[in-house]
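Student: Following this message is one structure expressed as structure tokens.
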Amino acid sequence: MALTYVSEGVPLAGLDWCGRHRVTVTGTKGPLVVLQHGFGTDQSCWHKVLPSLTDDYRIIRMDLAGASSPEAFDARQYDQIDAYADDLLRVLHELEVEECLYIGASVGCMVGMLAALSQPSMFTKLIFIAGSPRYLNDGAYTGGFEQSDLDGLYAAMHNDYQGWISGFAPLAVRSVPQSAAVKEFSESLFRYRPDIALSMARTIFQSDFRAHLPLLQTPTVLLQTKNDIAVPEAVGEYLRQHIRDSKLELLPVEGHFPHLVAPDLVAGALRRHLA
């Protein structure tokens with residue numbers, strides 16, 4: 001195992017893929033855990049959960065393309081979620097990681113799934129927080145959105161990105177606009193270049209990975225929340241039914257960002273399932 005050259009929590013700017021994705025490694029002992037954020041945030045979204053893990057695990061965090069280094073983002077390259085999974089694998093190979101535990105939030109879940117399908121020996125367990133294989137309703141499948149809903153979302157982002165954030169952030173976090181969690185998510189969205197945010201949103205919300213789920217062999221834990229605007233509770237049950245031997249836990253918290261709203265609760269769940 002490499003990583004001996006990594007300073008505590010210092011971005012690895014000297015390495016190609018690690019520098020591009022602002023990779024940081026925190027903690028000095030224990031198994032390796034990858035924390036992957038979702039749309040609208042960056043690796044800093046884990047800051048409230050991180051302290052509870054670093055005594056027993058070495059934590060790798062990275063930014064998805066578009067969340068940092070906007071000049072390196074190519075909408076044509078990242079028009080499929082597979083490209084983000086390729087980036088994850090490149091980072092892990094550059095760090096000479098042989099195996100790791102993986103925690104993904106939102107689209108980070110499907111990024112991890114695709115990576116594990118490509119390199120199954122590298123991932124010993126997957127933990128999904130508010131993950132979804134398909135955001136669109138489709139027949140008997142409840143994804144949460146109609147196409148007209150998403151078209152309206154894209155138009156709002158294009159026409160008035162700041163105005164869209166002010167309305168979307170409280171709904172996604174499930175809290176009042178003045179709350180610390182909503183403020184943090186809003187500020188994170190503001191750091192995204194608007195055209196990149198719109199491109200990523202289209203790629204994510206139009207994706208469909210339902211056919212991939214039965215192929216997954218890696219032990220998987222599904223952490224689901226209540227009243228998630230992006231991921232109805234039915235989606236968690238769908239994942240449980242279609243991912244072999246997966247476990248589903250419904251967390252007593254609302255919204256798409258439990259790691260911002262209830263970090264102690266999420267940290268406790270992660271520690272239970274990582275052990």
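Chain lettering (A, B, ...) mirrors the order of the structure tokens, residue numbering begins at 1 for each chain separately, and ligand numbering begins at 1 in order of display.
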Counting only C-alpha atoms, which residues of range 38-137 of chain A fall within 10 Å of range 196-211 of chain A, and what is the closest atom pair for each with its distance in Å at one decimal, ordered by chain and rising number, as a Markdown table?
Tutor:
```
| residue | atom | partner | partner_atom | distance |
| --- | --- | --- | --- | --- |
| A:Gly38 | CA | A:Ile204 | CA | 9.9 |
| A:Phe39 | CA | A:Ala201 | CA | 7.5 |
| A:Gly40 | CA | A:Ala197 | CA | 7.3 |
| A:Ala65 | CA | A:Met200 | CA | 9.4 |
| A:Gly66 | CA | A:Ile196 | CA | 6.2 |
| A:Ala67 | CA | A:Ile196 | CA | 8.6 |
| A:Pro70 | CA | A:Ile196 | CA | 7.7 |
| A:Phe73 | CA | A:Ile196 | CA | 7.7 |
| A:Asp74 | CA | A:Ile196 | CA | 8.7 |
| A:Ala75 | CA | A:Ser199 | CA | 6.4 |
| A:Arg76 | CA | A:Ser199 | CA | 9.3 |
| A:Tyr78 | CA | A:Met200 | CA | 7.7 |
| A:Asp79 | CA | A:Thr203 | CA | 5.5 |
| A:Gln80 | CA | A:Thr203 | CA | 6.1 |
| A:Ile81 | CA | A:Thr203 | CA | 7.0 |
| A:Ser106 | CA | A:Ile204 | CA | 9.6 |
| A:Val107 | CA | A:Ile204 | CA | 6.9 |
| A:Met110 | CA | A:Phe209 | CA | 7.7 |
| A:Met113 | CA | A:Phe209 | CA | 9.5 |
| A:Leu114 | CA | A:Phe209 | CA | 9.1 |
| A:Ser132 | CA | A:Phe209 | CA | 8.5 |
| A:Pro133 | CA | A:Phe209 | CA | 4.7 |
| A:Arg134 | CA | A:Asp208 | CA | 4.7 |
| A:Tyr135 | CA | A:Phe205 | CA | 5.6 |
| A:Leu136 | CA | A:Gln206 | CA | 7.2 |
```
Student: Residues at most 10 Å from Pro232 in chain A, counting only C-alpha atoms, excluding those fewer than 6 positions away in the same chain, as a list in words?
Tutor: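 Contacts, in chain order: Ala130, Ser132, Tyr135, Thr142, Gly143, Gly144, Phe145, Gln224, Thr225, Lys226, Gly255 and His256 of chain A.
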Student: Can you spit out the residues from that selection as a compact mmCIF listing (two decimals), in the first residue's frame, using N, CA, C and O atoms?
Tutor:
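Result went into again.txt, see below:
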```txt
# COMPACT_ATOMS: atom_id res chain seq x y z
N ALA A 130 -28.45 8.19 0.24
CA ALA A 130 -29.40 8.85 -0.67
C ALA A 130 -29.05 8.61 -2.12
O ALA A 130 -28.99 9.54 -2.93
N SER A 132 -29.60 6.86 -5.97
CA SER A 132 -30.70 6.53 -6.87
C SER A 132 -30.15 6.04 -8.20
O SER A 132 -29.24 6.65 -8.76
N TYR A 135 -33.78 8.81 -11.64
CA TYR A 135 -34.53 9.89 -11.01
C TYR A 135 -35.89 10.12 -11.67
O TYR A 135 -36.76 10.76 -11.09
N THR A 142 -40.98 4.36 -9.41
CA THR A 142 -41.09 5.72 -8.90
C THR A 142 -39.71 6.29 -8.66
O THR A 142 -39.02 5.92 -7.70
N GLY A 143 -39.28 7.18 -9.55
CA GLY A 143 -37.98 7.80 -9.40
C GLY A 143 -38.04 9.15 -8.70
O GLY A 143 -37.05 9.61 -8.14
N GLY A 144 -39.21 9.78 -8.75
CA GLY A 144 -39.40 11.04 -8.06
C GLY A 144 -39.72 12.22 -8.95
O GLY A 144 -40.28 13.21 -8.50
N PHE A 145 -39.36 12.14 -10.25
CA PHE A 145 -39.56 13.27 -11.15
C PHE A 145 -40.23 12.81 -12.44
O PHE A 145 -39.98 11.72 -12.95
N GLN A 224 -30.98 5.48 3.71
CA GLN A 224 -32.08 6.23 3.12
C GLN A 224 -32.63 7.24 4.12
O GLN A 224 -32.61 6.99 5.33
N THR A 225 -33.08 8.38 3.65
CA THR A 225 -33.67 9.39 4.51
C THR A 225 -35.16 9.56 4.19
O THR A 225 -35.66 9.03 3.19
N LYS A 226 -35.84 10.33 5.01
CA LYS A 226 -37.25 10.63 4.79
C LYS A 226 -37.39 11.93 4.00
O LYS A 226 -36.53 12.81 4.08
N GLY A 255 -34.45 14.88 4.12
CA GLY A 255 -33.68 15.60 3.13
C GLY A 255 -32.58 14.79 2.48
O GLY A 255 -32.28 13.66 2.87
N HIS A 256 -31.96 15.41 1.49
CA HIS A 256 -30.96 14.75 0.65
C HIS A 256 -29.55 14.86 1.20
O HIS A 256 -28.63 14.25 0.65
```
Student: Can you pull out every residue within 12 Å of Gln162 in chain A, counting only C-alpha atoms, but drop anything in the same chain fewer than 6 positions away, and send it as a ChimeraX atom specification?
Tutor: /A:156,168-169,186-194,197
Student: Quick one: distance from CA of Val235 in chain A to CA of Leu215 in chain A in Å, one decimal?
Tutor: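 Computing it gives 17.7 Å between the two atoms.
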Student: Write out as a PyMOL selection string which residues come within 8 Å of Met62 in chain A when counting only C-alpha atoms, dropping same-chain ones fewer than 4 positions away.
Tutor: chain A and resi 18+21-24+35-36+42-43
Student: Convert the current residue selection to file output with C-alpha atoms, as a PDB file, in the first residue's frame.
Tutor:
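Generated file (out12.pdb):
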```pdb
ATOM      1  CA  CYS A  18      -4.949  13.609  -7.575  1.00  0.00           C
ATOM      2  CA  HIS A  21      -9.424  16.361  -8.280  1.00  0.00           C
ATOM      3  CA  ARG A  22      -7.857  18.056  -5.230  1.00  0.00           C
ATOM      4  CA  VAL A  23      -7.439  14.712  -3.503  1.00  0.00           C
ATOM      5  CA  THR A  24      -6.763  14.766   0.225  1.00  0.00           C
ATOM      6  CA  LEU A  35     -15.716   9.583   0.772  1.00  0.00           C
ATOM      7  CA  GLN A  36     -17.311  10.753  -2.482  1.00  0.00           C
ATOM      8  CA  ASP A  42     -17.460  19.205  -3.030  1.00  0.00           C
ATOM      9  CA  GLN A  43     -15.320  17.159  -0.662  1.00  0.00           C
TER      10      GLN A  43
END
```
Student: Could you go through range 70-264 of chain A and tell me which residues DSSP, when run on the backbone, assigns to alpha helix (DSSP H), listing them as a ChimeraX atom specification?
Tutor: /A:82-94,107-118,147-159,161-173,180-191,194-205,233-242,258-261,263-264
Student: What's the 8 Å shell around Glu254 in chain A, counting only C-alpha atoms, without same-chain residues fewer than 3 positions away, as a PDB file with N, CA and C atoms, in the first residue's frame?
Tutor:
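Writing the result to around_34.pdb gives the following:
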```
ATOM      1  N   VAL A 173     -32.345  20.275   1.172  1.00  0.00           N
ATOM      2  CA  VAL A 173     -31.848  20.037   2.529  1.00  0.00           C
ATOM      3  C   VAL A 173     -32.999  19.734   3.479  1.00  0.00           C
ATOM      4  N   ARG A 174     -34.202  20.184   3.152  1.00  0.00           N
ATOM      5  CA  ARG A 174     -35.387  20.046   4.005  1.00  0.00           C
ATOM      6  C   ARG A 174     -35.205  20.827   5.301  1.00  0.00           C
ATOM      7  N   THR A 225     -33.083   8.383   3.647  1.00  0.00           N
ATOM      8  CA  THR A 225     -33.674   9.391   4.512  1.00  0.00           C
ATOM      9  C   THR A 225     -35.160   9.560   4.187  1.00  0.00           C
ATOM     10  N   LYS A 226     -35.839  10.328   5.014  1.00  0.00           N
ATOM     11  CA  LYS A 226     -37.248  10.628   4.793  1.00  0.00           C
ATOM     12  C   LYS A 226     -37.386  11.934   4.003  1.00  0.00           C
ATOM     13  N   ASN A 227     -38.462  12.040   3.244  1.00  0.00           N
ATOM     14  CA  ASN A 227     -38.804  13.291   2.545  1.00  0.00           C
ATOM     15  C   ASN A 227     -37.633  13.865   1.758  1.00  0.00           C
ATOM     16  N   ASP A 228     -36.996  13.011   0.999  1.00  0.00           N
ATOM     17  CA  ASP A 228     -35.894  13.424   0.128  1.00  0.00           C
ATOM     18  C   ASP A 228     -36.500  13.841  -1.207  1.00  0.00           C
ATOM     19  N   PRO A 258     -28.172  14.345   4.721  1.00  0.00           N
ATOM     20  CA  PRO A 258     -28.126  14.038   6.158  1.00  0.00           C
ATOM     21  C   PRO A 258     -26.760  14.296   6.773  1.00  0.00           C
TER      22      PRO A 258
END
```
Student: Tell me, which residues of range 99-186 of chain A carry DSSP strand (DSSP E or B), written as an NGL selection string?
Tutor: :A and (100-105 or 123-129 or 134 or 136 or 138 or 141 or 145)
